[in-house]
$ cat input_21.txt   # compact mmCIF, C-alpha atoms
# COMPACT_ATOMS: atom_id res chain seq x y z
CA MET A 1 0.00 0.00 0.00
CA ASN A 2 2.96 2.31 0.65
CA ARG A 3 0.95 4.94 2.53
CA SER A 4 3.13 7.88 3.42
CA HIS A 5 1.72 8.63 6.87
CA LYS A 6 3.41 11.33 8.86
CA PRO A 7 5.94 9.54 11.08
CA ARG A 8 5.76 9.99 14.84
CA THR A 9 8.59 12.06 16.22
CA ALA A 10 9.81 12.58 19.77
CA THR A 11 8.26 16.06 19.83
CA THR A 12 4.81 14.90 18.67
CA PRO A 13 3.16 12.82 21.37
CA HIS A 14 0.82 10.24 19.86
CA PRO A 15 -2.49 11.46 21.36
CA THR A 16 -2.22 14.53 19.14
CA GLU A 17 -0.72 12.99 16.05
CA ASN A 18 -3.95 13.53 14.15
CA LEU A 19 -3.98 17.22 15.01
CA PRO A 20 -0.74 18.31 13.34
CA HIS A 21 -1.30 21.99 14.17
CA LEU A 22 -0.73 21.11 17.86
CA ALA A 23 2.97 20.67 17.13
CA ASN A 24 3.32 24.47 17.27
CA MET A 25 1.83 24.76 20.79
CA ASP A 26 3.67 25.07 24.09
CA ARG A 27 3.46 22.31 26.70
CA ARG A 28 0.45 23.78 28.58
CA GLN A 29 -1.52 24.23 25.38
CA ARG A 30 -0.57 20.77 24.20
CA ARG A 31 -1.67 19.17 27.48
CA ALA A 32 -4.99 20.97 27.25
CA ALA A 33 -5.40 19.72 23.68
CA GLU A 34 -4.56 16.18 24.83
CA THR A 35 -7.17 16.30 27.61
CA ARG A 36 -9.73 17.53 25.10
CA LEU A 37 -8.84 14.70 22.71
CA ARG A 38 -9.01 12.16 25.56
CA LEU A 39 -12.48 13.38 26.54
CA PHE A 40 -13.49 13.07 22.89
CA ARG A 41 -12.17 9.50 22.52
CA CYS A 42 -13.73 8.32 25.80
CA ALA A 43 -17.03 9.94 24.82
CA LEU A 44 -17.00 8.22 21.43
CA GLN A 45 -16.36 4.83 23.01
CA LEU A 46 -19.27 5.35 25.38
CA PHE A 47 -21.56 6.55 22.57
CA ALA A 48 -20.65 3.41 20.61
CA LEU A 49 -21.32 1.21 23.63
CA ARG A 50 -24.56 2.71 24.95
CA GLY A 51 -25.86 5.08 22.31
CA PHE A 52 -25.54 8.86 22.36
CA PRO A 53 -28.70 9.65 24.43
CA ASN A 54 -27.74 7.20 27.20
CA VAL A 55 -24.36 8.74 27.99
CA THR A 56 -24.02 11.55 30.55
CA VAL A 57 -21.23 14.10 30.87
CA GLU A 58 -20.35 12.41 34.18
CA ASP A 59 -19.93 9.06 32.40
CA ILE A 60 -17.48 10.72 30.03
CA THR A 61 -15.43 12.48 32.72
CA GLN A 62 -15.26 9.27 34.77
CA ALA A 63 -14.01 7.31 31.76
CA ALA A 64 -11.45 10.03 30.98
CA ASP A 65 -10.45 10.25 34.65
CA VAL A 66 -10.98 14.00 35.02
CA GLY A 67 -13.29 16.09 37.23
CA LYS A 68 -16.76 16.83 35.91
CA GLY A 69 -16.02 20.58 35.84
CA THR A 70 -13.05 19.93 33.54
CA PHE A 71 -15.42 18.79 30.83
CA PHE A 72 -16.99 22.23 30.61
CA ASN A 73 -13.58 23.87 30.26
CA TYR A 74 -13.44 22.15 26.90
CA PHE A 75 -16.98 21.63 25.68
CA GLU A 76 -20.26 23.51 25.99
CA SER A 77 -22.26 20.29 25.89
CA LYS A 78 -22.19 16.59 25.08
CA GLU A 79 -23.08 17.46 21.48
CA HIS A 80 -20.04 19.69 21.16
CA VAL A 81 -17.74 16.73 21.76
CA LEU A 82 -18.58 15.50 18.28
CA GLY A 83 -17.35 18.76 16.80
CA VAL A 84 -13.85 17.46 17.56
CA MET A 85 -14.31 14.76 14.94
CA ALA A 86 -15.13 17.36 12.32
CA GLU A 87 -12.02 19.31 13.39
CA ILE A 88 -9.80 16.23 13.13
CA GLN A 89 -11.09 15.44 9.65
CA LEU A 90 -10.80 19.06 8.58
CA GLY A 91 -7.19 19.05 9.81
CA LYS A 92 -6.48 16.15 7.47
CA VAL A 93 -8.10 17.93 4.54
CA ARG A 94 -5.92 20.97 5.25
CA GLU A 95 -2.88 18.68 5.40
CA ALA A 96 -3.81 17.35 1.93
CA ALA A 97 -4.25 20.88 0.59
CA ALA A 98 -0.78 21.79 1.88
CA LEU A 99 0.66 18.70 0.14
CA ALA A 100 -1.11 19.69 -3.10
CA GLU A 101 0.23 23.23 -2.87
CA HIS A 102 3.75 21.99 -2.15
CA GLY A 103 3.55 20.06 -5.41
CA GLU A 104 6.00 17.30 -4.50
CA GLN A 105 3.55 14.49 -5.13
CA THR A 106 0.77 13.99 -7.64
CA ILE A 107 -2.80 15.06 -6.88
CA GLN A 108 -3.73 11.40 -7.28
CA ALA A 109 -1.32 10.46 -4.46
CA THR A 110 -2.59 13.39 -2.39
CA PHE A 111 -6.20 12.25 -2.66
CA ARG A 112 -5.27 8.64 -1.97
CA HIS A 113 -3.43 9.73 1.15
CA LEU A 114 -6.42 11.83 2.22
CA PHE A 115 -8.87 8.93 1.81
CA HIS A 116 -6.72 6.70 4.03
CA ARG A 117 -5.95 9.42 6.58
CA ALA A 118 -9.63 10.30 6.95
CA ALA A 119 -10.45 6.61 7.51
CA GLU A 120 -8.23 6.39 10.60
CA GLU A 121 -10.69 7.71 13.20
CA PRO A 122 -13.91 6.01 12.04
CA GLY A 123 -11.88 2.90 11.16
CA ARG A 124 -11.06 2.21 14.82
CA SER A 125 -14.14 -0.01 15.01
CA PRO A 126 -17.45 -0.55 13.19
CA ASP A 127 -19.24 0.17 16.51
CA LEU A 128 -17.51 3.50 16.73
CA ALA A 129 -18.26 4.37 13.10
CA ARG A 130 -21.92 3.52 13.59
CA ALA A 131 -22.09 5.58 16.77
CA LEU A 132 -20.49 8.51 15.02
CA ILE A 133 -22.87 8.47 12.06
CA SER A 134 -25.83 7.95 14.41
CA CYS A 135 -24.90 11.01 16.46
CA PHE A 136 -24.69 13.12 13.32
CA LEU A 137 -28.09 11.85 12.24
CA ALA A 138 -29.81 12.05 15.62
CA SER A 139 -29.11 15.58 16.73
CA GLN A 140 -29.83 18.77 14.82
CA ALA A 141 -27.49 20.55 17.26
CA VAL A 142 -24.65 18.27 16.15
CA ARG A 143 -25.50 18.76 12.48
CA ARG A 144 -25.45 22.55 12.82
CA LEU A 145 -22.15 22.26 14.64
CA ILE A 146 -20.42 20.22 11.93
CA GLU A 147 -22.11 22.05 9.05
CA HIS A 148 -19.55 24.84 9.04
CA ASN A 149 -16.64 22.39 9.10
CA MET A 150 -18.18 20.29 6.32
CA LYS A 151 -18.60 23.37 4.10
CA GLU A 152 -15.02 24.39 4.78
CA GLY A 153 -13.89 20.84 3.97
CA ARG A 154 -15.77 20.91 0.66
CA ARG A 155 -14.20 24.27 -0.21
CA ILE A 156 -10.66 23.03 0.47
CA VAL A 157 -11.20 19.74 -1.40
CA ALA A 158 -12.52 21.73 -4.37
CA GLY A 159 -9.24 23.65 -4.29
CA ILE A 160 -7.26 20.40 -4.47
CA VAL A 161 -9.43 19.34 -7.43
CA ALA A 162 -8.67 22.64 -9.16
CA ALA A 163 -4.94 22.03 -8.60
CA GLY A 164 -5.40 18.58 -10.17
CA GLN A 165 -7.12 20.14 -13.18
CA LYS A 166 -4.35 22.72 -13.54
CA ARG A 167 -1.74 19.97 -13.49
CA GLY A 168 -3.60 17.96 -16.12
CA GLU A 169 -4.43 15.07 -13.80
CA ILE A 170 -8.17 15.69 -13.39
CA ASP A 171 -10.64 16.18 -16.24
CA PRO A 172 -10.98 19.98 -16.59
CA ARG A 173 -14.59 19.68 -17.78
CA LEU A 174 -15.70 18.57 -14.28
CA LYS A 175 -16.96 21.16 -11.80
CA LYS A 176 -14.58 21.21 -8.86
CA GLU A 177 -17.41 21.76 -6.32
CA LYS A 178 -19.25 18.70 -7.63
CA VAL A 179 -16.12 16.55 -7.52
CA ALA A 180 -15.61 17.70 -3.91
CA ILE A 181 -19.09 16.44 -3.04
CA GLN A 182 -18.26 13.09 -4.68
CA VAL A 183 -15.15 12.83 -2.49
CA LEU A 184 -17.20 13.32 0.68
CA GLN A 185 -19.98 11.01 -0.48
CA ALA A 186 -17.57 8.26 -1.53
CA PHE A 187 -15.89 8.48 1.84
CA MET A 188 -19.10 8.55 3.88
CA GLY A 189 -20.73 5.82 1.81
CA THR A 190 -17.73 3.56 2.32
CA VAL A 191 -17.63 4.12 6.09
CA LEU A 192 -21.40 3.55 6.36
CA PHE A 193 -21.35 0.40 4.22
CA TRP A 194 -18.34 -1.00 6.07
CA SER A 195 -19.87 -0.21 9.46
CA LEU A 196 -22.96 -2.26 8.56
CA HIS A 197 -20.85 -5.24 7.54
CA GLU A 198 -18.33 -5.23 10.38
CA ASP A 199 -15.76 -6.66 8.04
CA PRO A 200 -12.40 -5.14 8.99
CA PRO A 201 -10.23 -3.41 8.05
CA LEU A 202 -11.85 -0.26 6.66
CA ASP A 203 -8.59 0.56 4.89
CA ALA A 204 -9.05 -2.08 2.20
CA TRP A 205 -12.57 -0.82 1.43
CA ILE A 206 -11.28 2.75 1.30
CA GLU A 207 -8.55 1.80 -1.19
CA ASP A 208 -11.16 0.36 -3.58
CA SER A 209 -13.34 3.44 -3.17
CA PHE A 210 -10.40 5.73 -3.85
CA GLN A 211 -9.50 3.80 -7.02
CA HIS A 212 -13.10 4.02 -8.22
CA PHE A 213 -13.25 7.73 -7.37
CA TRP A 214 -10.05 8.40 -9.28
CA ARG A 215 -11.17 6.52 -12.40
CA GLY A 216 -14.22 8.79 -12.36
CA VAL A 217 -12.27 12.05 -12.40
CA ALA A 218 -8.89 11.31 -14.01
CA LEU A 219 -8.11 12.46 -17.53
CA SER A 220 -8.14 9.43 -19.84
CA GLY A 221 -4.40 9.59 -20.44
CA GLU A 222 -3.83 9.55 -16.69
CA LYS A 223 -6.01 6.49 -16.09
CA GLN A 224 -4.38 3.75 -14.13
CA LYS A 225 -5.17 0.10 -14.50
CA PRO A 226 -7.94 -1.17 -12.21
CA MET Q 1 -33.97 13.72 -17.19
CA ASN Q 2 -36.22 11.46 -19.25
CA ARG Q 3 -36.57 8.81 -16.54
CA SER Q 4 -38.55 5.88 -17.80
CA HIS Q 5 -40.43 4.99 -14.64
CA LYS Q 6 -42.94 2.21 -14.86
CA PRO Q 7 -46.24 3.92 -15.63
CA ARG Q 8 -49.17 3.42 -13.26
CA THR Q 9 -51.91 1.34 -14.75
CA ALA Q 10 -55.49 0.77 -13.65
CA THR Q 11 -54.61 -2.70 -12.39
CA THR Q 12 -51.65 -1.52 -10.29
CA PRO Q 13 -52.90 0.48 -7.30
CA HIS Q 14 -50.36 3.11 -6.26
CA PRO Q 15 -49.60 1.88 -2.70
CA THR Q 16 -47.92 -1.14 -4.23
CA GLU Q 17 -46.30 0.47 -7.25
CA ASN Q 18 -42.87 -0.04 -5.72
CA LEU Q 19 -43.48 -3.74 -5.24
CA PRO Q 20 -44.02 -4.78 -8.86
CA HIS Q 21 -44.30 -8.46 -8.00
CA LEU Q 22 -47.62 -7.66 -6.26
CA ALA Q 23 -49.23 -7.22 -9.66
CA ASN Q 24 -49.48 -11.01 -9.92
CA MET Q 25 -51.43 -11.38 -6.65
CA ASP Q 26 -55.19 -11.77 -6.19
CA ARG Q 27 -57.24 -9.08 -4.44
CA ARG Q 28 -56.95 -10.58 -0.94
CA GLN Q 29 -53.19 -10.95 -1.23
CA ARG Q 30 -52.88 -7.47 -2.64
CA ARG Q 31 -54.90 -5.95 0.20
CA ALA Q 32 -52.70 -7.73 2.73
CA ALA Q 33 -49.61 -6.41 0.97
CA GLU Q 34 -51.10 -2.91 1.02
CA THR Q 35 -51.79 -3.09 4.76
CA ARG Q 36 -48.24 -4.28 5.32
CA LEU Q 37 -46.90 -1.39 3.25
CA ARG Q 38 -49.13 1.09 5.11
CA LEU Q 39 -47.83 -0.18 8.47
CA PHE Q 40 -44.30 0.21 7.10
CA ARG Q 41 -44.84 3.79 5.89
CA CYS Q 42 -46.57 4.86 9.12
CA ALA Q 43 -43.82 3.27 11.17
CA LEU Q 44 -41.11 5.07 9.17
CA GLN Q 45 -42.83 8.42 9.65
CA LEU Q 46 -42.99 7.82 13.40
CA PHE Q 47 -39.36 6.67 13.55
CA ALA Q 48 -38.36 9.86 11.72
CA LEU Q 49 -40.41 11.99 14.10
CA ARG Q 50 -39.54 10.43 17.45
CA GLY Q 51 -36.59 8.12 16.88
CA PHE Q 52 -36.77 4.34 16.58
CA PRO Q 53 -36.56 3.47 20.33
CA ASN Q 54 -39.39 5.86 21.24
CA VAL Q 55 -42.01 4.34 18.97
CA THR Q 56 -44.23 1.47 20.17
CA VAL Q 57 -46.10 -1.06 18.05
CA GLU Q 58 -49.32 0.56 19.33
CA ASP Q 59 -48.19 3.95 18.02
CA ILE Q 60 -47.71 2.36 14.61
CA THR Q 61 -51.06 0.56 14.52
CA GLN Q 62 -52.86 3.72 15.66
CA ALA Q 63 -51.21 5.75 12.90
CA ALA Q 64 -52.06 3.07 10.33
CA ASP Q 65 -55.60 2.78 11.71
CA VAL Q 66 -55.54 -0.99 12.28
CA GLY Q 67 -55.90 -3.13 15.41
CA LYS Q 68 -52.76 -3.88 17.40
CA GLY Q 69 -53.10 -7.61 16.69
CA THR Q 70 -53.03 -6.89 12.95
CA PHE Q 71 -49.45 -5.71 13.27
CA PHE Q 72 -48.30 -9.14 14.34
CA ASN Q 73 -50.00 -10.76 11.35
CA TYR Q 74 -47.41 -8.98 9.27
CA PHE Q 75 -44.34 -8.44 11.42
CA GLU Q 76 -42.60 -10.36 14.19
CA SER Q 77 -41.39 -7.15 15.80
CA LYS Q 78 -40.85 -3.43 15.33
CA GLU Q 79 -37.40 -4.22 13.90
CA HIS Q 80 -38.90 -6.43 11.22
CA VAL Q 81 -40.81 -3.46 9.78
CA LEU Q 82 -37.54 -2.16 8.40
CA GLY Q 83 -37.01 -5.36 6.48
CA VAL Q 84 -39.72 -4.06 4.13
CA MET Q 85 -37.39 -1.29 3.02
CA ALA Q 86 -34.75 -3.83 2.06
CA GLU Q 87 -37.43 -5.77 0.15
CA ILE Q 88 -38.60 -2.67 -1.72
CA GLN Q 89 -35.04 -1.81 -2.72
CA LEU Q 90 -34.30 -5.39 -3.69
CA GLY Q 91 -37.43 -5.35 -5.86
CA LYS Q 92 -36.01 -2.39 -7.74
CA VAL Q 93 -32.67 -4.11 -8.23
CA ARG Q 94 -34.50 -7.15 -9.64
CA GLU Q 95 -36.45 -4.83 -11.94
CA ALA Q 96 -33.12 -3.41 -13.22
CA ALA Q 97 -31.74 -6.91 -13.74
CA ALA Q 98 -34.82 -7.81 -15.80
CA LEU Q 99 -34.31 -4.67 -17.91
CA ALA Q 100 -30.65 -5.58 -18.42
CA GLU Q 101 -31.57 -9.11 -19.48
CA HIS Q 102 -34.26 -7.86 -21.82
CA GLY Q 103 -31.55 -5.85 -23.56
CA GLU Q 104 -33.76 -3.08 -24.92
CA GLN Q 105 -31.85 -0.28 -23.25
CA THR Q 106 -28.18 0.26 -22.49
CA ILE Q 107 -26.67 -0.88 -19.21
CA GLN Q 108 -25.84 2.77 -18.59
CA ALA Q 109 -29.54 3.68 -18.82
CA THR Q 110 -30.43 0.67 -16.66
CA PHE Q 111 -28.07 1.77 -13.88
CA ARG Q 112 -29.24 5.37 -14.12
CA HIS Q 113 -32.83 4.23 -13.80
CA LEU Q 114 -31.89 2.06 -10.80
CA PHE Q 115 -30.14 4.93 -9.00
CA HIS Q 116 -33.23 7.13 -9.36
CA ARG Q 117 -35.70 4.35 -8.54
CA ALA Q 118 -33.80 3.42 -5.37
CA ALA Q 119 -33.82 7.09 -4.28
CA GLU Q 120 -37.64 7.26 -4.25
CA GLU Q 121 -38.26 5.84 -0.76
CA PRO Q 122 -35.44 7.54 1.20
CA GLY Q 123 -35.96 10.70 -0.90
CA ARG Q 124 -39.40 11.30 0.64
CA SER Q 125 -37.76 13.48 3.28
CA PRO Q 126 -34.33 14.02 4.88
CA ASP Q 127 -35.93 13.22 8.27
CA LEU Q 128 -37.10 9.89 6.94
CA ALA Q 129 -33.72 9.10 5.37
CA ARG Q 130 -31.94 9.90 8.62
CA ALA Q 131 -34.38 7.76 10.59
CA LEU Q 132 -33.89 4.89 8.20
CA ILE Q 133 -30.09 4.98 8.35
CA SER Q 134 -30.23 5.41 12.15
CA CYS Q 135 -32.40 2.30 12.53
CA PHE Q 136 -29.96 0.27 10.45
CA LEU Q 137 -27.10 1.54 12.58
CA ALA Q 138 -28.79 1.22 15.96
CA SER Q 139 -30.03 -2.33 15.96
CA GLN Q 140 -28.04 -5.48 15.34
CA ALA Q 141 -31.35 -7.28 14.86
CA VAL Q 142 -32.18 -4.94 11.97
CA ARG Q 143 -28.71 -5.35 10.46
CA ARG Q 144 -28.96 -9.15 10.53
CA LEU Q 145 -32.39 -8.85 8.97
CA ILE Q 146 -31.25 -6.76 6.02
CA GLU Q 147 -27.92 -8.53 5.61
CA HIS Q 148 -29.39 -11.29 3.49
CA ASN Q 149 -31.20 -8.80 1.24
CA MET Q 150 -28.09 -6.64 0.88
CA LYS Q 151 -26.02 -9.66 -0.19
CA GLU Q 152 -28.67 -10.67 -2.68
CA GLY Q 153 -28.73 -7.07 -3.97
CA ARG Q 154 -24.97 -7.08 -4.46
CA ARG Q 155 -25.14 -10.39 -6.29
CA ILE Q 156 -27.80 -9.13 -8.72
CA VAL Q 157 -26.03 -5.80 -9.30
CA ALA Q 158 -22.81 -7.72 -10.05
CA GLY Q 159 -24.83 -9.61 -12.70
CA ILE Q 160 -25.88 -6.33 -14.32
CA VAL Q 161 -22.23 -5.22 -14.29
CA ALA Q 162 -21.24 -8.47 -16.02
CA ALA Q 163 -23.91 -7.82 -18.67
CA GLY Q 164 -22.43 -4.35 -19.16
CA GLN Q 165 -18.97 -5.86 -19.58
CA LYS Q 166 -20.28 -8.39 -22.10
CA ARG Q 167 -21.91 -5.61 -24.09
CA GLY Q 168 -18.71 -3.54 -24.11
CA GLU Q 169 -20.13 -0.73 -21.99
CA ILE Q 170 -18.23 -1.40 -18.77
CA ASP Q 171 -14.47 -1.86 -18.47
CA PRO Q 172 -13.93 -5.66 -18.50
CA ARG Q 173 -10.85 -5.36 -16.28
CA LEU Q 174 -13.02 -4.36 -13.30
CA LYS Q 175 -14.23 -7.02 -10.87
CA LYS Q 176 -18.01 -7.13 -11.05
CA GLU Q 177 -18.36 -7.77 -7.28
CA LYS Q 178 -16.25 -4.69 -6.50
CA VAL Q 179 -18.23 -2.52 -8.89
CA ALA Q 180 -21.42 -3.75 -7.20
CA ILE Q 181 -20.08 -2.56 -3.84
CA GLN Q 182 -19.29 0.84 -5.40
CA VAL Q 183 -22.91 1.08 -6.60
CA LEU Q 184 -24.23 0.48 -3.09
CA GLN Q 185 -21.68 2.79 -1.48
CA ALA Q 186 -22.30 5.60 -3.97
CA PHE Q 187 -26.01 5.30 -3.32
CA MET Q 188 -25.74 5.14 0.47
CA GLY Q 189 -23.14 7.91 0.62
CA THR Q 190 -25.37 10.19 -1.44
CA VAL Q 191 -28.45 9.53 0.70
CA LEU Q 192 -26.44 10.04 3.91
CA PHE Q 193 -24.78 13.25 2.69
CA TRP Q 194 -28.08 14.65 1.40
CA SER Q 195 -29.89 13.76 4.62
CA LEU Q 196 -27.34 15.77 6.62
CA HIS Q 197 -27.81 18.82 4.40
CA GLU Q 198 -31.59 18.75 4.07
CA ASP Q 199 -31.24 20.29 0.64
CA PRO Q 200 -33.96 18.78 -1.54
CA PRO Q 201 -34.48 17.10 -3.88
CA LEU Q 202 -32.39 13.96 -3.50
CA ASP Q 203 -32.89 13.22 -7.19
CA ALA Q 204 -30.48 15.95 -8.34
CA TRP Q 205 -27.76 14.65 -6.00
CA ILE Q 206 -28.39 11.10 -7.21
CA GLU Q 207 -28.01 12.15 -10.85
CA ASP Q 208 -24.55 13.62 -10.13
CA SER Q 209 -23.55 10.50 -8.23
CA PHE Q 210 -24.72 8.28 -11.04
CA GLN Q 211 -22.72 10.30 -13.60
CA HIS Q 212 -19.62 10.05 -11.42
CA PHE Q 213 -20.16 6.33 -10.90
CA TRP Q 214 -20.52 5.75 -14.62
CA ARG Q 215 -17.37 7.70 -15.51
CA GLY Q 216 -15.55 5.39 -13.10
CA VAL Q 217 -16.65 2.15 -14.77
CA ALA Q 218 -17.37 2.99 -18.43
CA LEU Q 219 -15.01 1.92 -21.19
CA SER Q 220 -13.19 5.03 -22.47
CA GLY Q 221 -14.95 4.94 -25.84
CA GLU Q 222 -18.30 4.87 -24.06
CA LYS Q 223 -17.54 7.88 -21.83
CA GLN Q 224 -20.14 10.58 -21.94
CA LYS Q 225 -19.37 14.22 -21.45
CA PRO Q 226 -19.54 15.39 -17.82
$ encode --input "input_21.txt" --output "structure tokens"
Amino acid sequence: MNRSHKPRTATTPHPTENLPHLANMDRRQRRAAETRLRLFRCALQLFALRGFPNVTVEDITQAADVGKGTFFNYFESKEHVLGVMAEIQLGKVREAAALAEHGEQTIQATFRHLFHRAAEEPGRSPDLARALISCFLASQAVRRLIEHNMKEGRRIVAGIVAAGQKRGEIDPRLKKEKVAIQVLQAFMGTVLFWSLHEDPPLDAWIEDSFQHFWRGVALSGEKQKP
Amino acid sequence: MNRSHKPRTATTPHPTENLPHLANMDRRQRRAAETRLRLFRCALQLFALRGFPNVTVEDITQAADVGKGTFFNYFESKEHVLGVMAEIQLGKVREAAALAEHGEQTIQATFRHLFHRAAEEPGRSPDLARALISCFLASQAVRRLIEHNMKEGRRIVAGIVAAGQKRGEIDPRLKKEKVAIQVLQAFMGTVLFWSLHEDPPLDAWIEDSFQHFWRGVALSGEKQKP
């Protein structure tokens, strides 16, 4: 598969490896970010186990081993915890955009990397993926919360598509905004389908979906063998 | 769009139009099938309104205006109601397979028709689509129930893909089983994404997804303009 994931370094502790912008923070800021991420991960596990409505803030703080008050230093409500997921995914989209701008690898490789990177969090378990999608579906508050991040994600992905068109990799007749929607739909459809089948790992399903996505947008000359 | 939906005829009452096999039933059987479909539609509306766990069988029978006992003539449990959705969708896949076998239209047109036909039920409202996906995600009983139908759906879609390969419309290097998964994922991803955005109608989103899907599988010579 040869996925070029960002390697862990001594200065990037693993709880924050999926939030690359944290690398620029001082120790206090980084610890706060780690606590926030821990609350998020514990909350997700509980949501997966018991369902979103049956989990209290106290359940989450107990699982994360912090005081109940600490929770509200980081999140307005239980719903807001899920906003972290949107932030994590948006961080990965920004990472892909930076790669595309840098121009050292093809747009094809950039998108492939993005598909696999974005699969990391939901791919932890089918239970978790189902819980995550359920929470998005169940609460209008959550949907409003992630709406802004989703729009921003679409905008950035459209920019990567435009870069691909400029470089002659992606069919220039396609509308970049529409291709961006296909990226999100392909990703979400794959996670949903996989989560219903419980057939790990997600990564293999994502690879097939990426290949299909790319065949749909690549210029004919750029087409790779299936 | 020029969608060639099956026209309503005097002998096909509209509550069963999405279950074409009902046309071969006698009046008693057809009335039973209609009651079953009415229970299903009322249940879905209630699930969308209140969430799956908060709806009782009595709520459903009241909404459908039948006695509580009647429910259990048709369904073992509340979960089993959702199996009807899988049946309806499977009916549409079978319809597409029959079209493909008949050979009067292209496989491209057959798939396009299938995408739009399958969008009819979830496309009734974003609330309904969200409720439907949530129910699939929430209950293992429901997942087991639809698993068989999903597998059968994949098998039949793979058959249509093979027909497309035989006719020179679909790239013969692609694995038909993998293309079938892409069909299901594209469809589910589109419904999920649309249901989060509440931006009607689903049909326009489905058309874009179909076009993207087809670009990904068509033989280069067969490619249509985006």
$ closest_atom_pairs --input "input_21.txt" --of "chain Q" --to "chain A" --cutoff "7 Å" --atoms "all atoms listed in the file" --output "CSV"
residue,atom,partner,partner_atom,distance
Q:Arg130,CA,A:Leu137,CA,5.6
Q:Ser134,CA,A:Ser134,CA,5.6
Q:Leu137,CA,A:Arg130,CA,5.6
Q:Arg143,CA,A:Leu196,CA,6.8
Q:Arg173,CA,A:Pro226,CA,6.5
Q:Leu174,CA,A:Pro226,CA,6.1
Q:Gln182,CA,A:Ser209,CA,6.9
Q:Gln185,CA,A:Gly189,CA,4.6
Q:Ala186,CA,A:Ala186,CA,5.9
Q:Met188,CA,A:Gly189,CA,5.2
Q:Gly189,CA,A:Gly189,CA,3.4
Q:Thr190,CA,A:Gln185,CA,5.5
Q:Phe193,CA,A:Gln185,CA,6.2
Q:Leu196,CA,A:Arg143,CA,6.8
Q:Ser209,CA,A:Gln182,CA,6.9
Q:His212,CA,A:Gly216,CA,5.6
Q:Phe213,CA,A:Gly216,CA,6.6
Q:Arg215,CA,A:Gly216,CA,4.6
Q:Gly216,CA,A:Gly216,CA,3.7
Q:Pro226,CA,A:Leu174,CA,6.1
$ write_last_selection --input "input_21.txt" --atoms "C-alpha atoms" --output "short mmCIF file (atom, residue, chain, number, x, y, z; two decimals), in the frame of the given file"
data_model
loop_
_atom_site.label_atom_id
_atom_site.label_comp_id
_atom_site.auth_asym_id
_atom_site.auth_seq_id
_atom_site.Cartn_x
_atom_site.Cartn_y
_atom_site.Cartn_z
CA ARG Q 130 -31.94 9.90 8.62
CA SER Q 134 -30.23 5.41 12.15
CA LEU Q 137 -27.10 1.54 12.58
CA ARG Q 143 -28.71 -5.35 10.46
CA ARG Q 173 -10.85 -5.36 -16.28
CA LEU Q 174 -13.02 -4.36 -13.30
CA GLN Q 182 -19.29 0.84 -5.40
CA GLN Q 185 -21.68 2.79 -1.48
CA ALA Q 186 -22.30 5.60 -3.97
CA MET Q 188 -25.74 5.14 0.47
CA GLY Q 189 -23.14 7.91 0.62
CA THR Q 190 -25.37 10.19 -1.44
CA PHE Q 193 -24.78 13.25 2.69
CA LEU Q 196 -27.34 15.77 6.62
CA SER Q 209 -23.55 10.50 -8.23
CA HIS Q 212 -19.62 10.05 -11.42
CA PHE Q 213 -20.16 6.33 -10.90
CA ARG Q 215 -17.37 7.70 -15.51
CA GLY Q 216 -15.55 5.39 -13.10
CA PRO Q 226 -19.54 15.39 -17.82
#
$ residues_around --input "input_21.txt" --residues "stretch 44-47 of chain Q" --least-positions-apart "6" --cutoff "12 Å" --atoms "only C-alpha atoms" --output "NGL selection string"
(:A and (138)) or (:Q and (37-38 or 53-64 or 78-85 or 121-122 or 124-136))
$ atom_distance --input "input_21.txt" --atom1 "atom CA of Q:Pro201" --atom2 "atom CA of Q:Glu120"
10.3 Å
$ closest_residue --input "input_21.txt" --among "A:His113, A:Lys176, A:Lys166, A:Arg41" --to "A:Glu207" --atoms "only C-alpha atoms"
A:His113
$ residues_around --input "input_21.txt" --residues "Q:Arg154" --least-positions-apart "2" --cutoff "8 Å" --atoms "all atoms listed in the file" --output "PDB file with C-alpha atoms, keeping the file's coordinate frame"
ATOM      1  CA  MET Q 150     -28.090  -6.640   0.880  1.00  0.00           C
ATOM      2  CA  LYS Q 151     -26.020  -9.660  -0.190  1.00  0.00           C
ATOM      3  CA  GLU Q 152     -28.670 -10.670  -2.680  1.00  0.00           C
ATOM      4  CA  ILE Q 156     -27.800  -9.130  -8.720  1.00  0.00           C
ATOM      5  CA  VAL Q 157     -26.030  -5.800  -9.300  1.00  0.00           C
ATOM      6  CA  ALA Q 158     -22.810  -7.720 -10.050  1.00  0.00           C
ATOM      7  CA  GLU Q 177     -18.360  -7.770  -7.280  1.00  0.00           C
ATOM      8  CA  ALA Q 180     -21.420  -3.750  -7.200  1.00  0.00           C
ATOM      9  CA  ILE Q 181     -20.080  -2.560  -3.840  1.00  0.00           C
ATOM     10  CA  LEU Q 184     -24.230   0.480  -3.090  1.00  0.00           C
TER      11      LEU Q 184
END
$ atom_distance --input "input_21.txt" --atom1 "atom CA of Q:Ala109" --atom2 "atom CA of Q:Ala86"
22.8 Å
$ atom_distance --input "input_21.txt" --atom1 "atom CA of A:Leu202" --atom2 "atom CA of A:Ala98"
25.1 Å
